[in-house]
$ cat query.cif   # mmCIF, C-alpha atoms
data_data
loop_
_atom_site.label_atom_id
_atom_site.label_comp_id
_atom_site.auth_asym_id
_atom_site.auth_seq_id
_atom_site.Cartn_x
_atom_site.Cartn_y
_atom_site.Cartn_z
CA MET E 1 189.26 -46.18 -94.52
CA ARG E 2 192.95 -45.70 -95.24
CA LEU E 3 192.55 -43.92 -98.58
CA PHE E 4 189.66 -41.65 -97.56
CA GLY E 5 191.92 -38.63 -97.05
CA LEU E 6 193.51 -39.07 -100.48
CA PHE E 7 190.09 -39.55 -102.09
CA MET E 8 189.03 -36.23 -100.55
CA LEU E 9 192.24 -34.53 -101.70
CA ILE E 10 191.70 -35.72 -105.29
CA PHE E 11 188.01 -34.77 -105.10
CA ILE E 12 188.84 -31.24 -103.90
CA MET E 13 191.39 -30.93 -106.72
CA TRP E 14 188.68 -31.95 -109.21
CA ILE E 15 186.23 -29.40 -107.78
CA MET E 16 188.91 -26.70 -108.07
CA ILE E 17 189.57 -27.63 -111.71
CA MET E 18 185.83 -27.40 -112.41
CA ILE E 19 185.60 -23.99 -110.71
CA VAL E 20 188.55 -22.66 -112.75
CA SER E 21 186.94 -24.04 -115.94
CA TYR E 22 183.68 -22.30 -115.00
CA PHE E 23 185.46 -18.98 -114.44
CA LEU E 24 187.38 -19.27 -117.71
CA VAL E 25 184.24 -20.02 -119.73
CA PHE E 26 181.60 -17.83 -118.08
CA ILE E 27 183.50 -14.94 -116.51
CA ILE E 28 186.75 -14.42 -118.43
CA GLY E 29 185.55 -15.73 -121.82
CA PRO E 30 182.76 -13.17 -122.45
CA LEU E 31 184.91 -10.27 -121.19
CA HIS E 32 185.17 -7.41 -123.70
CA ILE E 33 187.05 -4.17 -123.29
CA SER E 34 186.03 -1.13 -125.33
CA LEU E 35 188.68 1.58 -125.30
CA PHE E 36 189.25 2.80 -128.87
CA ASN E 37 186.22 1.27 -130.62
CA ASN E 38 188.39 -0.35 -133.31
CA THR E 39 190.31 -3.62 -133.87
CA THR E 40 192.82 -2.68 -131.13
CA ASP E 41 190.08 -3.39 -128.57
CA ARG E 42 190.01 -7.06 -129.64
CA LEU E 43 193.76 -7.36 -129.16
CA ILE E 44 193.62 -5.68 -125.73
CA SER E 45 190.69 -7.91 -124.72
CA SER E 46 192.63 -11.03 -125.78
CA ILE E 47 195.74 -9.97 -123.84
CA VAL E 48 193.69 -9.21 -120.72
CA LYS E 49 191.81 -12.52 -121.04
CA ALA E 50 195.04 -14.52 -121.51
CA THR E 51 196.66 -12.77 -118.53
CA LEU E 52 193.62 -13.41 -116.32
CA ALA E 53 193.46 -17.06 -117.44
CA ILE E 54 197.16 -17.66 -116.72
CA GLY E 55 196.79 -15.85 -113.38
CA LEU E 56 193.83 -18.03 -112.47
CA VAL E 57 195.77 -21.21 -113.27
CA VAL E 58 198.71 -19.94 -111.15
CA VAL E 59 196.30 -19.27 -108.25
CA LEU E 60 194.92 -22.81 -108.69
CA ILE E 61 198.42 -24.31 -108.55
CA LEU E 62 199.29 -22.28 -105.41
CA LEU E 63 196.04 -23.33 -103.72
CA LEU E 64 196.67 -26.97 -104.58
CA GLY E 65 200.21 -26.66 -103.20
CA ASN E 66 198.87 -25.21 -99.98
CA LEU E 67 196.23 -27.90 -99.72
CA LYS E 68 198.64 -30.81 -100.13
CA THR E 69 201.17 -29.31 -97.66
CA LYS E 70 198.45 -29.03 -95.00
CA TYR E 71 197.20 -32.56 -95.73
CA LEU E 72 200.70 -34.07 -95.59
CA GLN E 73 201.65 -32.29 -92.35
CA LYS E 74 198.37 -33.25 -90.70
CA THR E 75 198.58 -36.91 -91.74
CA LEU E 76 202.24 -37.34 -90.79
CA GLN E 77 201.72 -35.65 -87.42
CA ARG E 78 198.67 -37.78 -86.61
CA ASN E 79 200.50 -41.05 -87.29
CA MET N 1 195.46 -52.88 -135.17
CA SER N 2 195.00 -53.02 -131.41
CA ALA N 3 195.14 -56.83 -131.55
CA LEU N 4 198.33 -56.57 -133.60
CA SER N 5 199.94 -54.27 -131.04
CA PHE N 6 198.91 -56.68 -128.26
CA LEU N 7 200.19 -59.78 -130.08
CA ILE N 8 203.55 -58.25 -131.13
CA ILE N 9 204.33 -57.02 -127.61
CA TYR N 10 202.99 -60.14 -125.89
CA PHE N 11 205.04 -62.55 -128.02
CA ILE N 12 208.25 -60.51 -128.48
CA THR N 13 208.72 -59.56 -124.80
CA PRO N 14 209.84 -63.02 -123.50
CA ALA N 15 212.58 -63.16 -126.17
CA PHE N 16 213.56 -59.58 -125.38
CA ILE N 17 213.77 -60.42 -121.66
CA LYS N 18 216.19 -63.28 -122.52
CA PHE N 19 218.20 -60.93 -124.75
CA LEU N 20 218.50 -58.27 -122.00
CA ASN N 21 219.49 -60.91 -119.44
CA LYS N 22 222.14 -62.29 -121.82
CA LYS N 23 223.54 -58.79 -122.40
CA GLY N 24 223.57 -58.12 -118.66
CA LYS N 25 221.17 -55.20 -118.98
CA VAL N 26 219.60 -55.70 -115.57
CA VAL N 27 218.93 -53.59 -112.48
CA LYS N 28 218.20 -54.60 -108.90
CA ASP N 29 214.64 -54.67 -107.57
CA TYR N 30 215.36 -53.16 -104.15
CA HIS N 31 211.87 -53.77 -102.78
CA LYS N 32 212.14 -57.58 -102.73
CA PRO N 33 214.02 -60.06 -100.54
CA GLY N 34 217.33 -60.95 -102.15
CA MET N 35 217.07 -57.93 -104.45
CA PRO N 36 216.68 -59.92 -107.69
CA ASN N 37 218.02 -58.64 -111.00
CA VAL N 38 215.31 -57.50 -113.41
CA PRO N 39 216.01 -56.78 -117.11
CA ARG N 40 215.50 -53.21 -118.36
CA PRO N 41 214.29 -51.39 -120.54
CA ALA N 42 211.04 -52.61 -122.09
CA GLY N 43 210.66 -49.41 -124.11
CA PRO N 44 211.97 -50.90 -127.42
CA VAL N 45 209.36 -53.72 -127.40
CA LEU N 46 206.57 -51.27 -126.67
CA LEU N 47 207.79 -49.01 -129.47
CA ILE N 48 207.92 -51.82 -132.05
CA GLY N 49 204.37 -52.96 -131.31
CA ILE N 50 202.90 -49.47 -131.34
CA VAL N 51 204.81 -48.20 -134.42
CA ILE N 52 203.83 -51.19 -136.59
CA SER N 53 200.17 -50.90 -135.56
CA GLU N 54 200.00 -47.13 -136.07
CA ILE N 55 201.74 -47.26 -139.48
CA LEU N 56 199.25 -49.88 -140.70
CA LEU N 57 196.43 -47.76 -139.29
CA TYR N 58 197.78 -44.74 -141.19
CA PHE N 59 197.56 -46.60 -144.50
CA LEU N 60 193.97 -47.48 -143.70
CA ILE N 61 192.62 -44.07 -142.60
CA LEU N 62 195.31 -41.64 -143.92
CA ASP N 63 195.06 -39.22 -141.00
CA VAL N 64 198.10 -36.97 -140.49
CA LYS N 65 197.39 -36.97 -136.75
CA ILE N 66 198.73 -40.54 -136.66
CA ILE N 67 202.10 -39.37 -138.03
CA SER N 68 202.35 -36.56 -135.49
CA VAL N 69 201.43 -38.84 -132.57
CA LEU N 70 203.91 -41.43 -133.83
CA LEU N 71 206.74 -38.90 -134.22
CA THR N 72 206.08 -37.52 -130.74
CA THR N 73 206.15 -41.06 -129.35
CA ILE N 74 209.40 -41.95 -131.16
CA ILE N 75 211.18 -38.75 -130.04
CA ALA N 76 210.08 -39.33 -126.43
CA PHE N 77 211.31 -42.93 -126.67
CA ILE N 78 214.74 -41.77 -127.95
CA ILE N 79 215.03 -39.25 -125.09
CA GLY N 80 214.14 -41.96 -122.58
CA TYR N 81 216.50 -44.45 -124.19
CA ILE N 82 219.41 -41.99 -123.91
CA ASP N 83 218.58 -41.68 -120.21
CA ASP N 84 218.43 -45.48 -119.92
CA LEU N 85 221.91 -45.81 -121.43
CA LYS N 86 223.55 -42.92 -119.60
CA THR N 87 222.26 -41.21 -116.46
CA MET N 88 221.44 -37.65 -117.51
CA PRO N 89 220.92 -34.62 -115.21
CA GLY N 90 217.45 -33.77 -113.88
CA TRP N 91 216.76 -31.04 -116.46
CA PHE N 92 217.38 -33.38 -119.43
CA LYS N 93 214.02 -35.11 -119.72
CA PRO N 94 211.66 -32.13 -119.13
CA THR N 95 213.54 -29.81 -121.49
CA THR N 96 214.25 -32.25 -124.32
CA LEU N 97 210.66 -33.51 -124.24
CA ILE N 98 209.62 -30.10 -125.59
CA LEU N 99 211.13 -31.37 -128.87
CA ALA N 100 208.70 -34.28 -128.80
CA ALA N 101 205.80 -31.80 -128.92
CA VAL N 102 207.09 -30.11 -132.10
CA PRO N 103 205.59 -32.64 -134.61
CA ILE N 104 202.10 -31.96 -133.20
CA VAL N 105 202.52 -28.21 -133.71
CA ILE N 106 204.18 -28.47 -137.15
CA LEU N 107 201.72 -31.02 -138.56
CA GLY N 108 198.81 -29.06 -137.06
CA SER N 109 197.28 -32.01 -135.25
CA HIS N 110 195.92 -29.80 -132.52
CA GLY N 111 192.70 -27.85 -132.58
CA ASN N 112 192.29 -24.16 -131.85
CA TYR N 113 189.78 -24.82 -129.10
CA LEU N 114 190.56 -26.01 -125.59
CA GLY N 115 187.76 -28.12 -124.14
CA LEU N 116 186.94 -26.58 -120.76
CA ILE N 117 184.09 -28.92 -119.71
CA PHE N 118 181.40 -26.19 -119.81
CA ASP N 119 182.39 -24.94 -123.28
CA ASN N 120 185.35 -24.62 -125.63
CA ALA N 121 187.81 -21.72 -125.42
CA PHE N 122 189.15 -20.35 -128.72
CA ILE N 123 192.87 -19.89 -128.01
CA PRO N 124 194.79 -20.34 -131.31
CA ILE N 125 198.01 -18.65 -130.10
CA LEU N 126 197.96 -19.66 -126.44
CA TYR N 127 197.42 -23.28 -127.52
CA ILE N 128 200.97 -23.64 -128.93
CA PRO N 129 202.86 -23.05 -125.63
CA LEU N 130 200.22 -25.21 -123.97
CA ILE N 131 201.11 -28.13 -126.28
CA LEU N 132 204.83 -27.56 -125.76
CA SER N 133 204.28 -27.90 -122.00
CA ILE N 134 201.68 -30.72 -121.96
CA ILE N 135 204.00 -33.34 -123.53
CA PRO N 136 206.90 -32.84 -121.05
CA ILE N 137 204.52 -32.60 -118.08
CA VAL N 138 202.55 -35.78 -118.86
CA GLY N 139 205.70 -37.63 -119.98
CA ASN N 140 207.44 -36.88 -116.71
CA THR N 141 204.28 -37.48 -114.71
CA ILE N 142 204.03 -41.09 -115.94
CA ASN N 143 207.80 -41.43 -115.50
CA SER N 144 207.61 -40.31 -111.87
CA ILE N 145 204.78 -42.72 -110.96
CA ASP N 146 206.76 -45.76 -112.18
CA VAL N 147 208.17 -46.56 -108.74
CA PHE N 148 206.80 -50.09 -108.22
CA ASN N 149 206.19 -53.21 -110.29
CA GLY N 150 203.51 -52.67 -112.94
CA VAL N 151 202.41 -49.24 -111.74
CA ALA N 152 203.09 -47.25 -114.94
CA THR N 153 201.47 -49.76 -117.31
CA GLY N 154 198.56 -50.46 -114.95
CA PHE N 155 198.02 -46.74 -114.36
CA VAL N 156 198.00 -45.99 -118.11
CA ILE N 157 195.55 -48.87 -118.77
CA ILE N 158 193.09 -47.53 -116.15
CA THR N 159 193.37 -43.87 -117.17
CA MET N 160 193.11 -44.69 -120.89
CA ILE N 161 189.46 -45.69 -120.43
CA PRO N 162 188.16 -42.10 -119.87
CA LEU N 163 190.22 -40.99 -122.88
CA LEU N 164 188.59 -43.65 -125.07
CA VAL N 165 185.11 -42.86 -123.72
CA SER N 166 185.70 -39.16 -124.43
CA ALA N 167 186.73 -40.00 -128.02
CA ILE N 168 183.56 -42.11 -128.48
CA VAL N 169 181.19 -39.56 -126.90
CA PHE N 170 182.57 -36.59 -128.86
CA GLY N 171 182.90 -38.49 -132.13
CA ASN N 172 186.72 -38.51 -132.43
CA ASN N 173 186.73 -41.93 -134.11
CA ASN N 174 190.26 -41.61 -135.53
CA VAL N 175 191.66 -40.69 -132.10
CA LEU N 176 189.88 -43.73 -130.68
CA LEU N 177 191.55 -45.96 -133.30
CA MET N 178 194.93 -44.32 -132.63
CA ALA N 179 194.59 -44.85 -128.88
CA LEU N 180 193.74 -48.56 -129.03
CA PRO N 181 197.29 -49.78 -129.89
CA LEU N 182 198.58 -47.93 -126.81
CA LEU N 183 195.90 -49.47 -124.59
CA PHE N 184 196.36 -53.02 -125.88
CA GLY N 185 200.15 -52.66 -126.03
CA SER N 186 200.10 -51.61 -122.37
CA ILE N 187 197.83 -54.55 -121.49
CA ALA N 188 200.26 -56.95 -123.20
CA LEU N 189 203.30 -55.45 -121.48
CA TYR N 190 201.50 -55.39 -118.12
CA GLN N 191 201.56 -59.22 -118.16
CA TYR N 192 205.37 -59.01 -117.75
CA HIS N 193 205.61 -55.74 -115.86
CA LYS N 194 203.07 -56.55 -113.12
CA PHE N 195 204.14 -57.70 -109.64
CA PRO N 196 206.60 -59.48 -109.54
CA SER N 197 208.11 -57.77 -112.59
CA LYS N 198 209.90 -59.84 -115.20
CA ILE N 199 210.97 -56.64 -116.97
CA PHE N 200 211.17 -52.94 -116.07
CA LEU N 201 210.00 -50.22 -118.45
CA GLY N 202 212.95 -47.87 -118.04
CA ASP N 203 212.71 -44.20 -118.99
CA SER N 204 212.26 -45.16 -122.66
CA GLY N 205 209.08 -47.05 -121.76
CA THR N 206 207.58 -44.54 -119.35
CA LEU N 207 208.31 -41.46 -121.48
CA LEU N 208 206.88 -43.28 -124.50
CA LEU N 209 203.68 -44.09 -122.58
CA GLY N 210 203.31 -40.59 -121.12
CA SER N 211 204.09 -38.69 -124.31
CA MET N 212 201.80 -40.82 -126.46
CA TYR N 213 199.04 -40.44 -123.90
CA ALA N 214 199.54 -36.65 -123.95
CA SER N 215 199.59 -36.45 -127.75
CA LEU N 216 196.32 -38.42 -127.88
CA LEU N 217 194.79 -35.97 -125.39
CA ILE N 218 195.79 -33.08 -127.65
CA ALA N 219 194.64 -34.81 -130.86
CA GLY N 220 191.32 -35.64 -129.21
CA ASN N 221 190.81 -32.24 -127.53
CA SER N 222 190.52 -34.03 -124.18
CA GLU N 223 193.28 -32.24 -122.27
CA ILE N 224 191.24 -31.39 -119.17
CA ILE N 225 189.65 -34.87 -119.08
CA GLY N 226 193.17 -36.34 -119.21
CA VAL N 227 194.45 -34.10 -116.41
CA ILE N 228 191.52 -35.21 -114.23
CA ALA N 229 192.12 -38.92 -114.97
CA LEU N 230 195.83 -38.49 -114.22
CA LEU N 231 195.24 -36.56 -110.96
CA PRO N 232 197.02 -39.07 -108.64
CA ALA N 233 200.10 -39.04 -110.92
CA VAL N 234 199.90 -35.26 -111.37
CA MET N 235 199.67 -34.96 -107.59
CA ASN N 236 202.73 -37.21 -107.24
CA SER N 237 204.97 -35.19 -109.56
CA PHE N 238 203.52 -31.95 -108.21
CA LEU N 239 204.13 -33.05 -104.60
CA PHE N 240 207.67 -34.08 -105.49
CA LEU N 241 208.46 -30.83 -107.31
CA SER N 242 206.96 -28.52 -104.71
CA SER N 243 208.76 -30.27 -101.85
CA VAL N 244 212.15 -30.56 -103.57
CA LYS N 245 211.78 -27.07 -105.17
CA LYS N 246 213.82 -28.04 -108.24
CA ILE N 247 213.84 -30.53 -111.10
CA VAL N 248 216.11 -33.42 -110.10
CA GLU N 249 216.45 -37.12 -110.86
CA HIS N 250 215.07 -39.47 -108.18
CA ARG N 251 218.55 -40.95 -107.67
CA GLU N 252 219.89 -37.44 -106.86
CA ILE N 253 217.62 -37.16 -103.81
CA LYS N 254 219.62 -37.47 -100.60
CA THR N 255 216.72 -38.22 -98.23
CA ARG N 256 214.49 -41.04 -99.45
CA PRO N 257 210.72 -40.46 -99.10
CA VAL N 258 210.21 -44.07 -97.98
CA THR N 259 212.36 -46.59 -96.13
CA ILE N 260 212.34 -50.39 -96.30
CA CYS N 261 211.61 -52.30 -93.07
CA SER N 262 213.39 -55.59 -92.21
CA ASP N 263 210.29 -57.53 -93.41
CA PHE N 264 210.46 -55.63 -96.75
CA ARG N 265 207.36 -53.58 -95.99
CA LEU N 266 207.72 -49.91 -96.86
CA MET N 267 207.40 -47.07 -94.38
CA ALA N 268 207.00 -43.29 -94.85
CA SER N 269 210.07 -41.29 -93.91
CA LYS N 270 209.58 -39.09 -90.84
CA ASP N 271 212.36 -36.80 -92.05
CA ASN N 272 210.94 -33.35 -92.86
CA SER N 273 213.46 -32.85 -95.67
CA ALA N 274 212.28 -36.00 -97.52
CA PRO N 275 210.29 -35.33 -100.71
CA ALA N 276 206.52 -35.51 -100.38
CA THR N 277 205.47 -38.16 -102.87
CA LEU N 278 202.18 -39.98 -103.44
CA VAL N 279 203.67 -43.20 -101.99
CA ARG N 280 204.78 -41.32 -98.86
CA LEU N 281 201.22 -40.01 -98.50
CA ILE N 282 199.81 -43.53 -98.91
CA LEU N 283 202.27 -44.81 -96.29
CA ALA N 284 201.68 -41.92 -93.89
CA LYS N 285 199.20 -44.05 -91.93
CA GLY N 286 201.58 -47.00 -91.50
CA PRO N 287 203.82 -49.48 -93.36
CA LEU N 288 202.52 -51.53 -96.30
CA THR N 289 203.89 -54.21 -98.61
CA GLU N 290 204.80 -53.32 -102.21
CA ARG N 291 201.76 -55.20 -103.48
CA GLU N 292 199.43 -53.30 -101.13
CA ILE N 293 200.85 -49.95 -102.30
CA ILE N 294 200.37 -50.93 -105.97
CA THR N 295 196.73 -51.87 -105.29
CA ARG N 296 196.14 -48.52 -103.56
CA ILE N 297 197.66 -46.56 -106.47
CA PHE N 298 195.31 -48.41 -108.86
CA ILE N 299 192.33 -47.66 -106.59
CA LEU N 300 193.23 -43.95 -106.69
CA ALA N 301 193.58 -44.12 -110.51
CA THR N 302 190.13 -45.72 -110.70
CA PHE N 303 188.68 -42.98 -108.49
CA SER N 304 190.17 -40.19 -110.63
CA SER N 305 188.95 -41.98 -113.77
CA ILE N 306 185.42 -41.99 -112.32
CA LEU N 307 185.73 -38.21 -111.81
CA ALA N 308 186.87 -37.98 -115.45
CA PHE N 309 183.74 -39.91 -116.53
CA ILE N 310 181.56 -37.46 -114.56
CA SER N 311 183.39 -34.59 -116.29
CA ILE N 312 182.73 -36.16 -119.71
CA ALA N 313 179.03 -36.47 -118.84
CA ILE N 314 178.89 -32.81 -117.73
CA GLN N 315 180.72 -31.72 -120.90
CA TYR N 316 178.33 -33.75 -123.06
CA LEU N 317 175.23 -32.31 -121.36
CA PHE N 318 176.53 -28.75 -121.80
CA MET N 319 177.47 -29.41 -125.42
CA MET N 320 174.02 -30.80 -126.21
CA GLY N 321 172.40 -27.83 -124.46
CA LYS N 322 170.65 -30.14 -121.97
CA ILE N 323 171.92 -27.99 -119.10
CA SER N 324 173.13 -24.41 -119.05
CA LEU N 325 174.21 -21.93 -116.41
#
$ encode --input "query.cif" --output "structure tokens"
Amino acid sequence: MRLFGLFMLIFIMWIMIMIVSYFLVFIIGPLHISLFNNTTDRLISSIVKATLAIGLVVVLILLLGNLKTKYLQKTLQRN
Amino acid sequence: MSALSFLIIYFITPAFIKFLNKKGKVVKDYHKPGMPNVPRPAGPVLLIGIVISEILLYFLILDVKIISVLLTTIIAFIIGYIDDLKTMPGWFKPTTLILAAVPIVILGSHGNYLGLIFDNAFIPILYIPLILSIIPIVGNTINSIDVFNGVATGFVIITMIPLLVSAIVFGNNNVLLMALPLLFGSIALYQYHKFPSKIFLGDSGTLLLGSMYASLLIAGNSEIIGVIALLPAVMNSFLFLSSVKKIVEHREIKTRPVTICSDFRLMASKDNSAPATLVRLILAKGPLTEREIITRIFILATFSSILAFISIAIQYLFMMGKISL
């Protein structure tokens, strides 16, 4: 089927979005850093969480970029 | 209100097509034999239908979210209309569309929680830059997929369904009512925009569609669902950006991603420097007619919408506590 490869590409993208969502909710979300045992800890935790979340999204974008480059090269070479 | 939007656009468009033809506001359809002239833009008709419907809806339900969605839509339309009148540089649309996101932030139509399928993330500060980037990204994403007859309107119609289902499932009734004029307006316009097009949307039409879609996603807390439904279009703009490495207008590209055969079928460019677009990927396995490409884009939109439905079901089950990890 002509569109099978693109279906798979979109499906993999969806799986990756779900994995990132899972990490954000269950791994990064509950993260708490205790350094000074006062309100500063909350601020530090939020900054660390935001940085990790942005980093994770950047990794997702890079992975997707890599994935589509490989797919495109493979498909164009084969045909 | 949705019927009103449909009726206004459906009955005004033929007169507007005549008006554009009379004024000589036409562009060539390069993908057809004889390269016929097609009037452009359809954005003003779409705007009239949607604005009238949304204003009437506002007087019925008095929800400030309607005003913010409407302002975002109008600003996006103006930006697109400027680009329709005068060819602007590549940076113009993405940067100025940030302005279109401002009404949502100022009128506080967004929530503080980002729906992440498995749960909601409380991100009151991070949410603002997210909104300021969602409107330009989705606006340009719909703009970049509008490469063939009826694709943008057809694509929005298909991908609106998960958005409406999400609004119903999670009880966002006002967002559902706000979204219906866009859906029915798009259905009405599709009758004239579909293959063979009697009118082209222009940037005013595509940016209006994309920005309103994005503002509804924000108002309905369905950002991730929307991204999933729009995956083929996101992939297209993402492919284009990552291969060209800078924000440029399509007409500024020196090497075309597809070429037209003598029988008017389209073929993927073998040139390595050509941008990697969704259409080039579709054509990678051999030439196709314009109609066949359009059908394939709609099939991909349907597939991504099915994934969005699955995501809504997962989100619902997690929200109800039926499943947990």
$ interface_residues --input "query.cif" --of "chain E" --to "chain N" --cutoff "12 Å" --atoms "all atoms listed in the file" --output "ChimeraX atom specification"
/E:1-30,46-47,49-51,53-54,61-62,64-79
$ residues_around --input "query.cif" --residues "range 187-198 of chain N" --least-positions-apart "3" --cutoff "7 Å" --atoms "all atoms listed in the file" --output "list in words"
Phe6, Ile9, Tyr10, Val38, Asn149, Gly150, Thr153, Gly154, Ile157, Leu183 and Phe184 of chain N
$ resolve_selection --input "query.cif" --expression "the PyMOL selection byres ((chain N and resi 50-66) around 6)" --output "ChimeraX atom specification"
/N:1,5,47-49,67-70,109,181
$ resolve_selection --input "query.cif" --expression "the PyMOL selection byres ((chain N and resi 312) around 9)" --output "list of chain:residue names"
N:Ile117, N:Pro162, N:Val165, N:Ser166, N:Val169, N:Ile225, N:Leu307, N:Ala308, N:Phe309, N:Ile310, N:Ser311, N:Ala313, N:Ile314, N:Gln315, N:Tyr316, N:Leu317
$ atom_distance --input "query.cif" --atom1 "CA of Asp29 in chain N" --atom2 "CA of Asp84 in chain N"
15.9 Å
$ residues_around --input "query.cif" --residues "range 133-139 of chain N" --least-positions-apart "4" --cutoff "7 Å" --atoms "all atoms listed in the file" --output "VMD selection string"
chain N and resid 94 97 to 98 101 129 143 207 210 to 211 214 to 215
$ atom_distance --input "query.cif" --atom1 "CA of Ser222 in chain N" --atom2 "CA of Leu208 in chain N"
18.8 Å
$ closest_residue --input "query.cif" --among "N:Asn37, N:Ser305, N:Asn21, N:Ser204" --to "Ala233 in chain N" --atoms "only C-alpha atoms"
N:Ser305
$ atom_distance --input "query.cif" --atom1 "CA of Gly185 in chain N" --atom2 "CA of Leu209 in chain N"
9.9 Å
$ closest_residue --input "query.cif" --among "N:Leu71, N:Leu176, N:Val147, N:Val234" --to "Gly220 in chain N" --atoms "all atoms listed in the file"
N:Leu176
$ closest_residue --input "query.cif" --among "N:Ala219, N:Leu130, N:Leu164, N:Ile199" --to "Pro36 in chain N" --atoms "only C-alpha atoms"
N:Ile199
$ decode --input "query.cif" --residues "range 153-183 of chain N" --atoms "C-alpha atoms" --output "mmCIF file, in the first residue's frame"
data_model
loop_
_atom_site.group_PDB
_atom_site.id
_atom_site.type_symbol
_atom_site.label_atom_id
_atom_site.label_comp_id
_atom_site.auth_asym_id
_atom_site.auth_seq_id
_atom_site.Cartn_x
_atom_site.Cartn_y
_atom_site.Cartn_z
ATOM 1 C CA THR N 153 -10.659 23.508 3.868
ATOM 2 C CA GLY N 154 -10.977 19.722 3.560
ATOM 3 C CA PHE N 155 -8.132 19.190 6.025
ATOM 4 C CA VAL N 156 -9.688 21.577 8.579
ATOM 5 C CA ILE N 157 -13.114 19.887 8.200
ATOM 6 C CA ILE N 158 -11.615 16.430 8.909
ATOM 7 C CA THR N 159 -9.403 17.531 11.801
ATOM 8 C CA MET N 160 -12.185 19.608 13.395
ATOM 9 C CA ILE N 161 -14.077 16.416 14.282
ATOM 10 C CA PRO N 162 -11.635 15.305 17.060
ATOM 11 C CA LEU N 163 -11.705 18.860 18.417
ATOM 12 C CA LEU N 164 -15.519 18.785 18.611
ATOM 13 C CA VAL N 165 -15.525 15.293 20.145
ATOM 14 C CA SER N 166 -12.981 16.451 22.742
ATOM 15 C CA ALA N 167 -15.214 19.446 23.611
ATOM 16 C CA ILE N 168 -18.244 17.132 24.006
ATOM 17 C CA VAL N 169 -16.411 14.471 26.051
ATOM 18 C CA PHE N 170 -14.795 16.967 28.442
ATOM 19 C CA GLY N 171 -17.890 19.151 28.765
ATOM 20 C CA ASN N 172 -16.600 22.296 27.015
ATOM 21 C CA ASN N 173 -20.032 23.127 25.600
ATOM 22 C CA ASN N 174 -19.231 26.774 24.835
ATOM 23 C CA VAL N 175 -16.098 25.783 22.902
ATOM 24 C CA LEU N 176 -18.217 23.299 20.963
ATOM 25 C CA LEU N 177 -20.668 26.081 20.036
ATOM 26 C CA MET N 178 -17.785 28.402 19.106
ATOM 27 C CA ALA N 179 -16.206 25.756 16.878
ATOM 28 C CA LEU N 180 -19.336 24.932 14.875
ATOM 29 C CA PRO N 181 -19.337 28.141 12.750
ATOM 30 C CA LEU N 182 -15.755 27.338 11.691
ATOM 31 C CA LEU N 183 -16.678 23.768 10.777
#
